[in-house]
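This is query_20.pdb. It holds PDB, C-alpha atoms, pLDDT in the B column.
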ATOM      1  CA  ARG L 252      -9.424 192.701  94.521  1.00 58.00           C
ATOM      2  CA  ASP L 253     -10.698 191.924  97.983  1.00 67.00           C
ATOM      3  CA  TYR L 254     -13.736 194.130  98.669  1.00 70.00           C
ATOM      4  CA  ARG L 255     -12.661 194.381 102.318  1.00 74.00           C
ATOM      5  CA  ALA L 256      -9.407 196.128 101.387  1.00 79.00           C
ATOM      6  CA  GLY L 257     -10.327 199.782 101.598  1.00 89.00           C
ATOM      7  CA  TYR L 258      -8.183 202.889 101.268  1.00 93.00           C
ATOM      8  CA  VAL L 259      -6.804 202.919 104.825  1.00 93.00           C
ATOM      9  CA  GLN L 260      -5.968 199.212 104.813  1.00 93.00           C
ATOM     10  CA  SER L 261      -4.282 199.445 101.400  1.00 93.00           C
ATOM     11  CA  MET L 262      -2.147 202.389 102.521  1.00 96.00           C
ATOM     12  CA  SER L 263      -1.311 200.582 105.754  1.00 95.00           C
ATOM     13  CA  VAL L 264      -0.083 197.495 103.890  1.00 94.00           C
ATOM     14  CA  LEU L 265       2.116 199.561 101.570  1.00 95.00           C
ATOM     15  CA  GLU L 266       3.574 201.467 104.520  1.00 96.00           C
ATOM     16  CA  HIS L 267       4.157 198.277 106.512  1.00 95.00           C
ATOM     17  CA  VAL L 268       6.091 196.698 103.645  1.00 94.00           C
ATOM     18  CA  LYS L 269       8.441 199.695 103.512  1.00 92.00           C
ATOM     19  CA  LYS L 270       8.992 199.628 107.290  1.00 92.00           C
ATOM     20  CA  VAL L 271       9.747 195.913 107.353  1.00 92.00           C
ATOM     21  CA  ALA L 272      12.149 196.276 104.432  1.00 89.00           C
ATOM     22  CA  ALA L 273      13.947 199.192 106.082  1.00 86.00           C
ATOM     23  CA  SER L 274      14.337 197.319 109.369  1.00 89.00           C
ATOM     24  CA  SER L 275      15.949 194.379 107.566  1.00 87.00           C
ATOM     25  CA  SER L 276      18.077 196.518 105.212  1.00 83.00           C
ATOM     26  CA  SER L 277      16.264 195.034 102.231  1.00 81.00           C
ATOM     27  CA  ILE L 278      15.520 196.758  98.968  1.00 81.00           C
ATOM     28  CA  VAL L 279      11.806 196.677  98.368  1.00 86.00           C
ATOM     29  CA  LEU L 280       9.920 198.688  95.790  1.00 87.00           C
ATOM     30  CA  THR L 281       6.241 199.273  96.353  1.00 92.00           C
ATOM     31  CA  LYS L 282       3.757 199.703  93.539  1.00 91.00           C
ATOM     32  CA  THR L 283       0.082 200.468  93.333  1.00 92.00           C
ATOM     33  CA  SER L 284      -2.505 201.228  90.693  1.00 92.00           C
ATOM     34  CA  LEU L 285      -5.332 203.701  90.383  1.00 95.00           C
ATOM     35  CA  MET L 286      -8.293 202.808  88.213  1.00 94.00           C
ATOM     36  CA  LEU L 287      -9.924 205.959  86.888  1.00 97.00           C
ATOM     37  CA  GLY L 288     -13.478 206.477  85.692  1.00 97.00           C
ATOM     38  CA  LEU L 289     -15.427 205.685  88.857  1.00 95.00           C
ATOM     39  CA  GLY L 290     -16.398 209.262  89.643  1.00 96.00           C
ATOM     40  CA  GLU L 291     -13.222 210.346  91.385  1.00 97.00           C
ATOM     41  CA  THR L 292     -12.255 214.020  91.301  1.00 97.00           C
ATOM     42  CA  ASP L 293      -8.877 215.513  90.488  1.00 98.00           C
ATOM     43  CA  ASP L 294      -8.572 216.419  94.171  1.00 98.00           C
ATOM     44  CA  ASP L 295      -9.231 212.767  95.134  1.00 97.00           C
ATOM     45  CA  ILE L 296      -6.456 211.588  92.829  1.00 98.00           C
ATOM     46  CA  ARG L 297      -4.041 214.305  93.907  1.00 98.00           C
ATOM     47  CA  LYS L 298      -4.634 213.509  97.611  1.00 98.00           C
ATOM     48  CA  THR L 299      -4.046 209.835  96.923  1.00 98.00           C
ATOM     49  CA  LEU L 300      -0.788 210.598  95.126  1.00 98.00           C
ATOM     50  CA  HIS L 301       0.380 212.732  98.054  1.00 98.00           C
ATOM     51  CA  ASP L 302      -0.575 209.979 100.506  1.00 98.00           C
ATOM     52  CA  LEU L 303       1.368 207.437  98.428  1.00 98.00           C
ATOM     53  CA  ARG L 304       4.488 209.621  98.317  1.00 98.00           C
ATOM     54  CA  ASN L 305       4.228 210.234 102.076  1.00 98.00           C
ATOM     55  CA  ILE L 306       4.644 206.491 102.641  1.00 97.00           C
ATOM     56  CA  ASP L 307       7.374 206.260  99.974  1.00 95.00           C
ATOM     57  CA  VAL L 308       5.519 204.235  97.354  1.00 96.00           C
ATOM     58  CA  ASP L 309       7.851 203.937  94.349  1.00 93.00           C
ATOM     59  CA  VAL L 310       5.622 203.113  91.388  1.00 91.00           C
ATOM     60  CA  VAL L 311       2.108 204.112  90.416  1.00 93.00           C
ATOM     61  CA  THR L 312       0.034 203.190  87.394  1.00 92.00           C
ATOM     62  CA  PHE L 313      -3.174 204.786  86.121  1.00 95.00           C
ATOM     63  CA  GLY L 314      -5.685 202.862  84.029  1.00 94.00           C
ATOM     64  CA  GLN L 315      -9.290 203.063  82.896  1.00 94.00           C
ATOM     65  CA  TYR L 316     -11.813 201.192  85.005  1.00 93.00           C
ATOM     66  CA  LEU L 317     -13.867 198.882  82.802  1.00 92.00           C
ATOM     67  CA  GLN L 318     -17.017 197.273  84.174  1.00 92.00           C
ATOM     68  CA  PRO L 319     -16.306 193.520  84.107  1.00 90.00           C
ATOM     69  CA  SER L 320     -19.960 192.504  84.433  1.00 94.00           C
ATOM     70  CA  LYS L 321     -23.391 193.950  85.141  1.00 93.00           C
ATOM     71  CA  ARG L 322     -22.879 193.011  88.814  1.00 92.00           C
ATOM     72  CA  HIS L 323     -19.947 195.439  89.100  1.00 91.00           C
ATOM     73  CA  LEU L 324     -19.948 199.218  89.375  1.00 92.00           C
ATOM     74  CA  PRO L 325     -20.666 201.030  86.119  1.00 95.00           C
ATOM     75  CA  VAL L 326     -18.134 203.275  84.406  1.00 95.00           C
ATOM     76  CA  LYS L 327     -18.926 206.910  85.216  1.00 97.00           C
ATOM     77  CA  GLU L 328     -16.372 208.487  82.886  1.00 97.00           C
ATOM     78  CA  TYR L 329     -13.979 207.517  80.124  1.00 97.00           C
ATOM     79  CA  VAL L 330     -10.812 209.470  80.853  1.00 97.00           C
ATOM     80  CA  THR L 331      -9.120 211.170  77.896  1.00 97.00           C
ATOM     81  CA  PRO L 332      -5.569 210.346  76.782  1.00 96.00           C
ATOM     82  CA  GLU L 333      -4.635 213.956  77.548  1.00 97.00           C
ATOM     83  CA  LYS L 334      -5.768 213.554  81.148  1.00 98.00           C
ATOM     84  CA  TYR L 335      -3.703 210.372  81.527  1.00 97.00           C
ATOM     85  CA  GLN L 336      -0.701 212.336  80.275  1.00 97.00           C
ATOM     86  CA  GLU L 337      -1.375 215.062  82.847  1.00 98.00           C
ATOM     87  CA  TRP L 338      -1.503 212.501  85.653  1.00 98.00           C
ATOM     88  CA  GLN L 339       1.710 210.903  84.443  1.00 95.00           C
ATOM     89  CA  GLU L 340       3.524 214.239  84.451  1.00 97.00           C
ATOM     90  CA  GLU L 341       2.167 215.211  87.860  1.00 98.00           C
ATOM     91  CA  ALA L 342       3.109 211.875  89.435  1.00 97.00           C
ATOM     92  CA  GLU L 343       6.608 211.996  87.923  1.00 95.00           C
ATOM     93  CA  ALA L 344       7.069 215.534  89.272  1.00 97.00           C
ATOM     94  CA  MET L 345       6.123 214.230  92.725  1.00 98.00           C
ATOM     95  CA  GLY L 346       9.047 211.817  92.657  1.00 96.00           C
ATOM     96  CA  PHE L 347       7.611 208.415  91.785  1.00 95.00           C
ATOM     97  CA  LYS L 348      10.369 206.228  90.338  1.00 90.00           C
ATOM     98  CA  TYR L 349       8.114 204.969  87.567  1.00 88.00           C
ATOM     99  CA  VAL L 350       4.675 205.976  86.303  1.00 91.00           C
ATOM    100  CA  ALA L 351       2.586 204.253  83.629  1.00 89.00           C
ATOM    101  CA  SER L 352      -0.583 206.058  82.656  1.00 92.00           C
ATOM    102  CA  GLY L 353      -3.125 205.286  79.957  1.00 92.00           C
ATOM    103  CA  PRO L 354      -6.543 203.776  79.374  1.00 91.00           C
ATOM    104  CA  LEU L 355      -5.208 200.264  78.794  1.00 87.00           C
ATOM    105  CA  VAL L 356      -2.560 200.292  81.537  1.00 87.00           C
ATOM    106  CA  ARG L 357      -3.026 197.687  84.238  1.00 78.00           C
ATOM    107  CA  SER L 358      -1.110 197.030  87.448  1.00 68.00           C
ATOM    108  CA  SER L 359       1.015 194.363  85.771  1.00 64.00           C
ATOM    109  CA  TYR L 360       2.034 196.687  82.957  1.00 57.00           C
ATOM    110  CA  LYS L 361       5.015 195.012  81.235  1.00 59.00           C
ATOM    111  CA  ALA L 362       7.088 198.143  80.672  1.00 55.00           C
ATOM    112  CA  GLY L 363       6.925 198.769  84.392  1.00 60.00           C
ATOM    113  CA  GLU L 364       8.015 195.234  85.168  1.00 64.00           C
ATOM    114  CA  PHE L 365      11.074 195.635  82.950  1.00 58.00           C
ATOM    115  CA  PHE L 366      11.918 198.959  84.579  1.00 64.00           C
ATOM    116  CA  LEU L 367      11.555 197.558  88.092  1.00 66.00           C
ATOM    117  CA  LYS L 368      13.779 194.586  87.341  1.00 67.00           C
ATOM    118  CA  ASN L 369      16.549 196.876  86.126  1.00 65.00           C
ATOM    119  CA  LEU L 370      16.100 199.301  89.027  1.00 70.00           C
ATOM    120  CA  VAL L 371      16.411 196.509  91.600  1.00 69.00           C
ATOM    121  CA  LYS L 372      19.512 195.223  89.810  1.00 70.00           C
ATOM    122  CA  GLU L 373      21.104 198.697  89.857  1.00 72.00           C
ATOM    123  CA  GLN L 374      20.303 199.217  93.544  1.00 72.00           C
ATOM    124  CA  HIS L 375      21.718 195.797  94.393  1.00 70.00           C
ATOM    125  CA  GLN L 376      24.964 196.596  92.570  1.00 72.00           C
ATOM    126  CA  GLN L 377      25.254 199.913  94.428  1.00 73.00           C
ATOM    127  CA  GLN L 378      25.108 198.064  97.752  1.00 71.00           C
ATOM    128  CA  ILE L 379      27.974 195.750  96.827  1.00 65.00           C
TER     129      ILE L 379
END
If you took the structure in this file and wrote it as structure tokens, what would it be?
Amino acid sequence: RDYRAGYVQSMSVLEHVKKVAASSSSIVLTKTSLMLGLGETDDDIRKTLHDLRNIDVDVVTFGQYLQPSKRHLPVKEYVTPEKYQEWQEEAEAMGFKYVASGPLVRSSYKAGEFFLKNLVKEQHQQQI
């Protein structure tokens, strides 16, 4: 991850992709990931989810932040499986097309990739 890509810039890129796709009548699904365990609050996560839905992000994943080296930020909390389940249910209720949530989930989560491939195929067939 590029350290220069903060919250506002990340949201702006996701929103821009949707606008460009809409102007060219293309089907584009947007996806982002939230790494938990860095000291974020439930309100922080909930606000982020609302912001993502407001710009029509389709897919969100939640995973546990793991400190890759001593030079990186330390883990502040190990999130429980029950909490990941709560976030999954809340995100699904907000209308995300796909949610993957768990301590070992990463942005390239394979189940999500399979789902997205089939969703794009279905949307393409509906346009024909």
TODO: Can you work out the spacing between atom CA of L:Glu328 and atom CA of L:Ser352 in Å, to one decimal?
DONE: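 Spanning atom CA of L:Glu328 to atom CA of L:Ser352 is a straight-line distance of 16.0 Å.
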TODO: Identify all residues satisfying the PyMOL selection byres ((chain L and resi 257-266) around 12) in the given file; provide them as a ChimeraX atom specification.
DONE: /L:252-256,267-273,279-285,295,298-310
Would you save the residues of that selection, restricted to C-alpha atoms, as a PDB file, keeping the file's coordinate frame?
ATOM      1  CA  ARG L 252      -9.424 192.701  94.521  1.00 58.00           C
ATOM      2  CA  ASP L 253     -10.698 191.924  97.983  1.00 67.00           C
ATOM      3  CA  TYR L 254     -13.736 194.130  98.669  1.00 70.00           C
ATOM      4  CA  ARG L 255     -12.661 194.381 102.318  1.00 74.00           C
ATOM      5  CA  ALA L 256      -9.407 196.128 101.387  1.00 79.00           C
ATOM      6  CA  HIS L 267       4.157 198.277 106.512  1.00 95.00           C
ATOM      7  CA  VAL L 268       6.091 196.698 103.645  1.00 94.00           C
ATOM      8  CA  LYS L 269       8.441 199.695 103.512  1.00 92.00           C
ATOM      9  CA  LYS L 270       8.992 199.628 107.290  1.00 92.00           C
ATOM     10  CA  VAL L 271       9.747 195.913 107.353  1.00 92.00           C
ATOM     11  CA  ALA L 272      12.149 196.276 104.432  1.00 89.00           C
ATOM     12  CA  ALA L 273      13.947 199.192 106.082  1.00 86.00           C
ATOM     13  CA  VAL L 279      11.806 196.677  98.368  1.00 86.00           C
ATOM     14  CA  LEU L 280       9.920 198.688  95.790  1.00 87.00           C
ATOM     15  CA  THR L 281       6.241 199.273  96.353  1.00 92.00           C
ATOM     16  CA  LYS L 282       3.757 199.703  93.539  1.00 91.00           C
ATOM     17  CA  THR L 283       0.082 200.468  93.333  1.00 92.00           C
ATOM     18  CA  SER L 284      -2.505 201.228  90.693  1.00 92.00           C
ATOM     19  CA  LEU L 285      -5.332 203.701  90.383  1.00 95.00           C
ATOM     20  CA  ASP L 295      -9.231 212.767  95.134  1.00 97.00           C
ATOM     21  CA  LYS L 298      -4.634 213.509  97.611  1.00 98.00           C
ATOM     22  CA  THR L 299      -4.046 209.835  96.923  1.00 98.00           C
ATOM     23  CA  LEU L 300      -0.788 210.598  95.126  1.00 98.00           C
ATOM     24  CA  HIS L 301       0.380 212.732  98.054  1.00 98.00           C
ATOM     25  CA  ASP L 302      -0.575 209.979 100.506  1.00 98.00           C
ATOM     26  CA  LEU L 303       1.368 207.437  98.428  1.00 98.00           C
ATOM     27  CA  ARG L 304       4.488 209.621  98.317  1.00 98.00           C
ATOM     28  CA  ASN L 305       4.228 210.234 102.076  1.00 98.00           C
ATOM     29  CA  ILE L 306       4.644 206.491 102.641  1.00 97.00           C
ATOM     30  CA  ASP L 307       7.374 206.260  99.974  1.00 95.00           C
ATOM     31  CA  VAL L 308       5.519 204.235  97.354  1.00 96.00           C
ATOM     32  CA  ASP L 309       7.851 203.937  94.349  1.00 93.00           C
ATOM     33  CA  VAL L 310       5.622 203.113  91.388  1.00 91.00           C
TER      34      VAL L 310
END
Task: Residues returned when the PyMOL selection byres ((chain L and resi 336) around 12) runs on this file, as a PyMOL selection string - done: chain L and resi 312-314+330-335+337-343+350-354
Open item on the list: To one decimal place in Å, what is the distance between atom CA of L:Gln315 and atom CA of L:Arg357?
Closed with: 8.4 Å
Open item on the list: I'd like to know which of L:Asp294, L:Gly346, L:Lys372, L:Leu289 is closest to L:Leu324, using all atoms listed in the file.
Closed with: L:Leu289
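Take atom CA of L:Met345 and atom CA of L:Gly288: the distance between them is 22.2 Å.
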Edge lengths and centre in Å to one decimal, as AutoDock Vina command-line options, is what I'm after for the box along x, y and z that holds all listed atoms of stretch 301-310 of chain L once 4 Å is added on each side.
--center_x 3.6 --center_y 207.9 --center_z 97.0 --size_x 16.4 --size_y 17.6 --size_z 19.3
